[in-house]
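Peer 1: Sending over a structure as structure tokens; questions will come in a sec.
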There are 2 protein chains.
Amino acid sequence: MEIKSVKKLTDYKHLNLFSINYQDRENCGKKWIFSSRSKYLNPLEKKHTNPDAVVIVPLHVQEKKLVLIKEFRVCLGGYQFGFPAGLVDRGETVTQAGKRELYEETGLSVTKVLKKSPAVFSSSGMTDESVSLLFVQCRGKPTNRFNETSEDIQTIMLSRENAEDLLSDTNTKFDVKSWIILNTFASCVVI
Amino acid sequence: MEIKSVKKLTDYKHLNLFSINYQDRENCGKKWIFSSRSKYLNPLEKKHTNPDAVVIVPLHVQEKKLVLIKEFRVCLGGYQFGFPAGLVDRGETVTQAGKRELYEETGLSVTKVLKKSPAVFSSSGMTDESVSLLFVQCRGKPTNRFNETSEDIQTIMLSRENAEDLLSDTNTKFDVKSWIILNTFASCVVI
């Protein structure tokens with residue numbers, strides 16, 4: 001497999017389509033279209049060490065609860081359960097962005113970072129988007145008063161029993177990361 | 001928050017950009033661009049019960065190993081570790097698609113389906129793509145002879161110790177789902 005050329009197909013601010021010409025294993029010319037947040041004309045030149053976004057997995061120590069958010073997702077036209085998350089701003093570290101986003105979206109404060117993933121990929125069949133998962137302990141009382149006007153967020157604090165109930169509700173939409181971690185959490189496994 | 005209108009911005013075969021006009025919490029007009037595999041002019045009309053794709057989490061019972069694939073990902077310009085996966089074809093169930101994709105990508109056969117997630121979302125800040133996770137037991141000997149010519153796949157069978165080693169390799173690219181599950185697997189937790 002060999003990449004031959006990359007072309008930017010659209011010119012929007014936050015998200016664009018790109019086309020890659022490549023040779024397959026039998027040297028046939030093929031084309032692959034993907035979406036990217038990249039600011040470069042060729043996203044393949046980007047180093048993959050810095051993630052586009054941070055996803056915070058917050059454990060509220062005092063309450064012994066896992067923190068999720070129920071958020072209006074424009075492109076789903078409805079509410080989805082997931083973890084607090086956001087883009088890493090220029091000049092910010094993943095940890096700084098994680099602390100900021102958790103506070104803005106839930107009002108909670110990070111007390112300890114437990115684990116930080118490398119930049120891992122959301123769905124590399126269709127996008128080069130990468131995120132870093134930041135597992136943290138946090139404290140405080142949830143509030144949505146630091147939300148932006150384009151955000152509609154409710155903080156959800158889940159015990160293991162609540163997690164099980166939520167997972168069994170067939171009308172609920174989940175982000176894939178929260179579904180996996182919620183399952184582990186509900187199975188009484190230490191995260 | 002209220003969706004006002006949806007517009008298809010591009011006209012490619014497998015992936016397109018769409019624009020949504022919506023009103024934020026203070027009734028200001030805003031715009032959100034996202035990518036979608038949807039064949040509809042308005043992806044918001046799509047029911048979210050059927051996922052776009054299936055992601056198989058295979059446990060090789062005889063070998064007591066978790067199965068991953070190391071796959072060339074065109075839009076990353078390199079290899080990534082992840083789970084076998086693929087689009088659910090028209091008329092196929094998620095389980096049928098999962099069995100087919102596992103066989104095509106690894107040569108392994110499903111012996112038992114352990115768990116199937118609902119359609120959960122890959123990264124709903126930028127796409128409405130949804131996947132169903134299919135946790136299965138499998139058997140057989142890995143081979144890549146059923147790969148398509150545009151696929152470059154190596155099957156990786158991991159013990160808990162191997163999983164730990166792989167996670168500590170800083171040069172490895174991971175899909176986010178495999179990174180989370182690999183961590184759980186490495187921590188000696190039953191999946």
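So you can find residues: chains in the structure tokens are A, B, ... in the order shown, residues in each start at 1, and ligands are numbered from 1 in order.
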Report the residues of segment 25-185 of chain B whose backbone DSSP state falls under alpha helix (DSSP H), written as JSON, numbers by chain.

Peer 2: {"B": [94, 95, 96, 97, 98, 99, 100, 101, 102, 103, 104, 105, 106, 160, 161, 162, 163, 164, 165, 166, 167, 176, 177, 178, 179, 180, 181, 182, 183, 184, 185]}

Peer 1: Go ahead and write the residues just picked, N, CA, C and O atoms, as a compact mmCIF listing (two decimals), in the first residue's frame.

Peer 2:
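Generated file (result-v6.txt):
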```
# COMPACT_ATOMS: atom_id res chain seq x y z
N VAL B 94 -26.60 -7.01 12.25
CA VAL B 94 -25.30 -6.67 12.84
C VAL B 94 -24.49 -7.95 13.08
O VAL B 94 -23.28 -8.01 12.80
N THR B 95 -25.14 -8.98 13.58
CA THR B 95 -24.44 -10.23 13.88
C THR B 95 -23.90 -10.88 12.61
O THR B 95 -22.76 -11.35 12.57
N GLN B 96 -24.72 -10.89 11.55
CA GLN B 96 -24.26 -11.44 10.27
C GLN B 96 -23.05 -10.66 9.75
O GLN B 96 -22.06 -11.26 9.31
N ALA B 97 -23.15 -9.34 9.80
CA ALA B 97 -22.04 -8.51 9.32
C ALA B 97 -20.78 -8.75 10.15
O ALA B 97 -19.67 -8.83 9.62
N GLY B 98 -20.95 -8.91 11.45
CA GLY B 98 -19.82 -9.15 12.34
C GLY B 98 -19.12 -10.47 12.03
O GLY B 98 -17.89 -10.54 11.99
N LYS B 99 -19.93 -11.51 11.82
CA LYS B 99 -19.36 -12.83 11.50
C LYS B 99 -18.60 -12.76 10.16
O LYS B 99 -17.50 -13.28 10.03
N ARG B 100 -19.22 -12.10 9.18
CA ARG B 100 -18.60 -11.98 7.86
C ARG B 100 -17.30 -11.19 7.92
O ARG B 100 -16.26 -11.63 7.42
N GLU B 101 -17.33 -10.05 8.58
CA GLU B 101 -16.13 -9.20 8.64
C GLU B 101 -15.00 -9.89 9.41
O GLU B 101 -13.84 -9.79 9.03
N LEU B 102 -15.34 -10.56 10.51
CA LEU B 102 -14.28 -11.25 11.27
C LEU B 102 -13.60 -12.29 10.39
O LEU B 102 -12.37 -12.38 10.36
N TYR B 103 -14.40 -13.04 9.63
CA TYR B 103 -13.85 -14.07 8.76
C TYR B 103 -13.01 -13.46 7.63
O TYR B 103 -11.88 -13.90 7.36
N GLU B 104 -13.54 -12.42 7.00
CA GLU B 104 -12.82 -11.80 5.88
C GLU B 104 -11.49 -11.17 6.33
O GLU B 104 -10.50 -11.24 5.62
N GLU B 105 -11.52 -10.55 7.48
CA GLU B 105 -10.33 -9.81 7.91
C GLU B 105 -9.30 -10.67 8.64
O GLU B 105 -8.11 -10.37 8.63
N THR B 106 -9.77 -11.74 9.31
CA THR B 106 -8.83 -12.53 10.14
C THR B 106 -8.84 -14.03 9.83
O THR B 106 -7.95 -14.74 10.30
N ARG B 160 -2.82 -11.41 28.14
CA ARG B 160 -2.85 -10.22 29.01
C ARG B 160 -1.48 -9.55 29.08
O ARG B 160 -1.37 -8.32 29.08
N GLU B 161 -0.42 -10.36 29.13
CA GLU B 161 0.94 -9.80 29.22
C GLU B 161 1.29 -9.06 27.94
O GLU B 161 1.86 -7.97 27.98
N ASN B 162 0.95 -9.66 26.79
CA ASN B 162 1.21 -9.00 25.50
C ASN B 162 0.46 -7.67 25.42
O ASN B 162 0.96 -6.70 24.87
N ALA B 163 -0.76 -7.66 25.96
CA ALA B 163 -1.59 -6.45 25.91
C ALA B 163 -0.90 -5.32 26.64
O ALA B 163 -0.84 -4.18 26.15
N GLU B 164 -0.35 -5.64 27.80
CA GLU B 164 0.36 -4.64 28.60
C GLU B 164 1.57 -4.09 27.84
O GLU B 164 1.80 -2.88 27.80
N ASP B 165 2.33 -5.01 27.22
CA ASP B 165 3.52 -4.60 26.46
C ASP B 165 3.12 -3.68 25.30
O ASP B 165 3.75 -2.65 25.06
N LEU B 166 2.07 -4.08 24.58
CA LEU B 166 1.64 -3.30 23.41
C LEU B 166 1.21 -1.90 23.82
O LEU B 166 1.56 -0.91 23.17
N LEU B 167 0.50 -1.81 24.94
CA LEU B 167 0.02 -0.51 25.41
C LEU B 167 1.17 0.42 25.79
O LEU B 167 1.04 1.64 25.69
N VAL B 176 -9.51 4.17 19.38
CA VAL B 176 -9.88 4.48 20.76
C VAL B 176 -10.59 3.31 21.46
O VAL B 176 -10.35 3.04 22.65
N LYS B 177 -11.44 2.59 20.72
CA LYS B 177 -12.19 1.48 21.34
C LYS B 177 -11.24 0.37 21.77
O LYS B 177 -11.36 -0.19 22.86
N SER B 178 -10.28 0.07 20.89
CA SER B 178 -9.33 -1.00 21.23
C SER B 178 -8.43 -0.59 22.39
O SER B 178 -8.08 -1.40 23.23
N TRP B 179 -8.08 0.69 22.46
CA TRP B 179 -7.23 1.15 23.56
C TRP B 179 -7.94 0.97 24.90
O TRP B 179 -7.37 0.48 25.87
N ILE B 180 -9.21 1.34 24.95
CA ILE B 180 -9.97 1.22 26.21
C ILE B 180 -10.11 -0.26 26.60
O ILE B 180 -9.85 -0.64 27.75
N ILE B 181 -10.51 -1.09 25.66
CA ILE B 181 -10.76 -2.50 25.98
C ILE B 181 -9.45 -3.23 26.28
O ILE B 181 -9.39 -4.09 27.16
N LEU B 182 -8.38 -2.86 25.59
CA LEU B 182 -7.07 -3.46 25.83
C LEU B 182 -6.60 -3.15 27.26
O LEU B 182 -6.03 -3.99 27.93
N ASN B 183 -6.88 -1.94 27.72
CA ASN B 183 -6.53 -1.57 29.09
C ASN B 183 -7.28 -2.41 30.11
O ASN B 183 -6.71 -2.86 31.09
N THR B 184 -8.56 -2.60 29.86
CA THR B 184 -9.37 -3.42 30.75
C THR B 184 -8.85 -4.87 30.74
O THR B 184 -8.69 -5.49 31.79
N PHE B 185 -8.57 -5.37 29.54
CA PHE B 185 -8.07 -6.73 29.36
C PHE B 185 -6.73 -6.91 30.08
O PHE B 185 -6.51 -7.88 30.81
```

Peer 1: Could you give me, as a tab-separated table, every segment 83-184 of chain B residue with an atom at most 12 Å from segment 1-7 of chain A, plus its closest atom pair and distance in Å to one decimal, counting only C-alpha atoms, rows ordered by chain then number?

Peer 2:
```
residue	atom	partner	partner_atom	distance
B:Thr149	CA	A:Met1	CA	9.3
B:Ser150	CA	A:Met1	CA	7.9
B:Glu151	CA	A:Met1	CA	8.6
B:Asp152	CA	A:Met1	CA	7.4
B:Ile153	CA	A:Met1	CA	11.0
```

Peer 1: For atom CA of Tyr12 of chain B and atom CA of Thr127 of chain A, determine how far apart the two atoms are, in Å to one decimal place.

Peer 2: 15.1 Å

Peer 1: Which residues of chain B come within 7 Å of chain A, and what is each one's closest atom pair and distance in Å (one decimal), counting only C-alpha atoms, sorted by chain and residue number, as CSV?

Peer 2:
```
residue,atom,partner,partner_atom,distance
B:Ile3,CA,A:Gly77,CA,6.9
B:Leu15,CA,A:Ile33,CA,6.9
B:Asp24,CA,A:Ser150,CA,4.9
B:Arg25,CA,A:Thr149,CA,5.4
B:Glu26,CA,A:Thr149,CA,6.4
B:Ile33,CA,A:Leu15,CA,6.9
B:Phe34,CA,A:Cys75,CA,6.7
B:Ser35,CA,A:Ser35,CA,6.7
B:Leu44,CA,A:Gly77,CA,6.2
B:Arg73,CA,A:Ser124,CA,6.7
B:Cys75,CA,A:Asp128,CA,6.1
B:Leu76,CA,A:Asp128,CA,6.1
B:Gly77,CA,A:Leu44,CA,6.2
B:Val120,CA,A:Val176,CA,5.0
B:Phe121,CA,A:Asp175,CA,4.6
B:Ser122,CA,A:Val176,CA,5.7
B:Ser123,CA,A:Ser122,CA,6.5
B:Ser124,CA,A:Arg73,CA,6.7
B:Thr127,CA,A:Cys75,CA,6.9
B:Asp128,CA,A:Cys75,CA,6.1
B:Thr149,CA,A:Arg25,CA,5.4
B:Ser150,CA,A:Asp24,CA,4.9
B:Lys173,CA,A:Val120,CA,6.5
B:Phe174,CA,A:Val120,CA,5.2
B:Asp175,CA,A:Phe121,CA,4.6
B:Val176,CA,A:Val120,CA,5.0
B:Lys177,CA,A:Lys177,CA,6.7
```

Peer 1: Calculate how many Å separate atom CA of Tyr79 of chain A from atom CA of Ile56 of chain B, rounding to one decimal.

Peer 2: 26.1 Å

Peer 1: When you count only C-alpha atoms, which of these residues is closest to Asp52 of chain B: B:Val88, B:Leu134, B:Leu68, B:Val110?

Peer 2: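 The answer is B:Val88, which sits nearest to Asp52 of chain B.
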
Peer 1: Just list as a ChimeraX atom specification whatever in segment 63-178 of chain B DSSP marks as strand (DSSP E).

Peer 2: /B:65-73,78-82,85-87,109-116,120-121,130-139,153-158

Peer 1: To one decimal in Å, tell me the separation between atom CA of Lys112 of chain A and atom CA of Glu71 of chain A.

Peer 2: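 Computing the Euclidean distance for atom CA of Lys112 of chain A and atom CA of Glu71 of chain A yields 24.7 Å.
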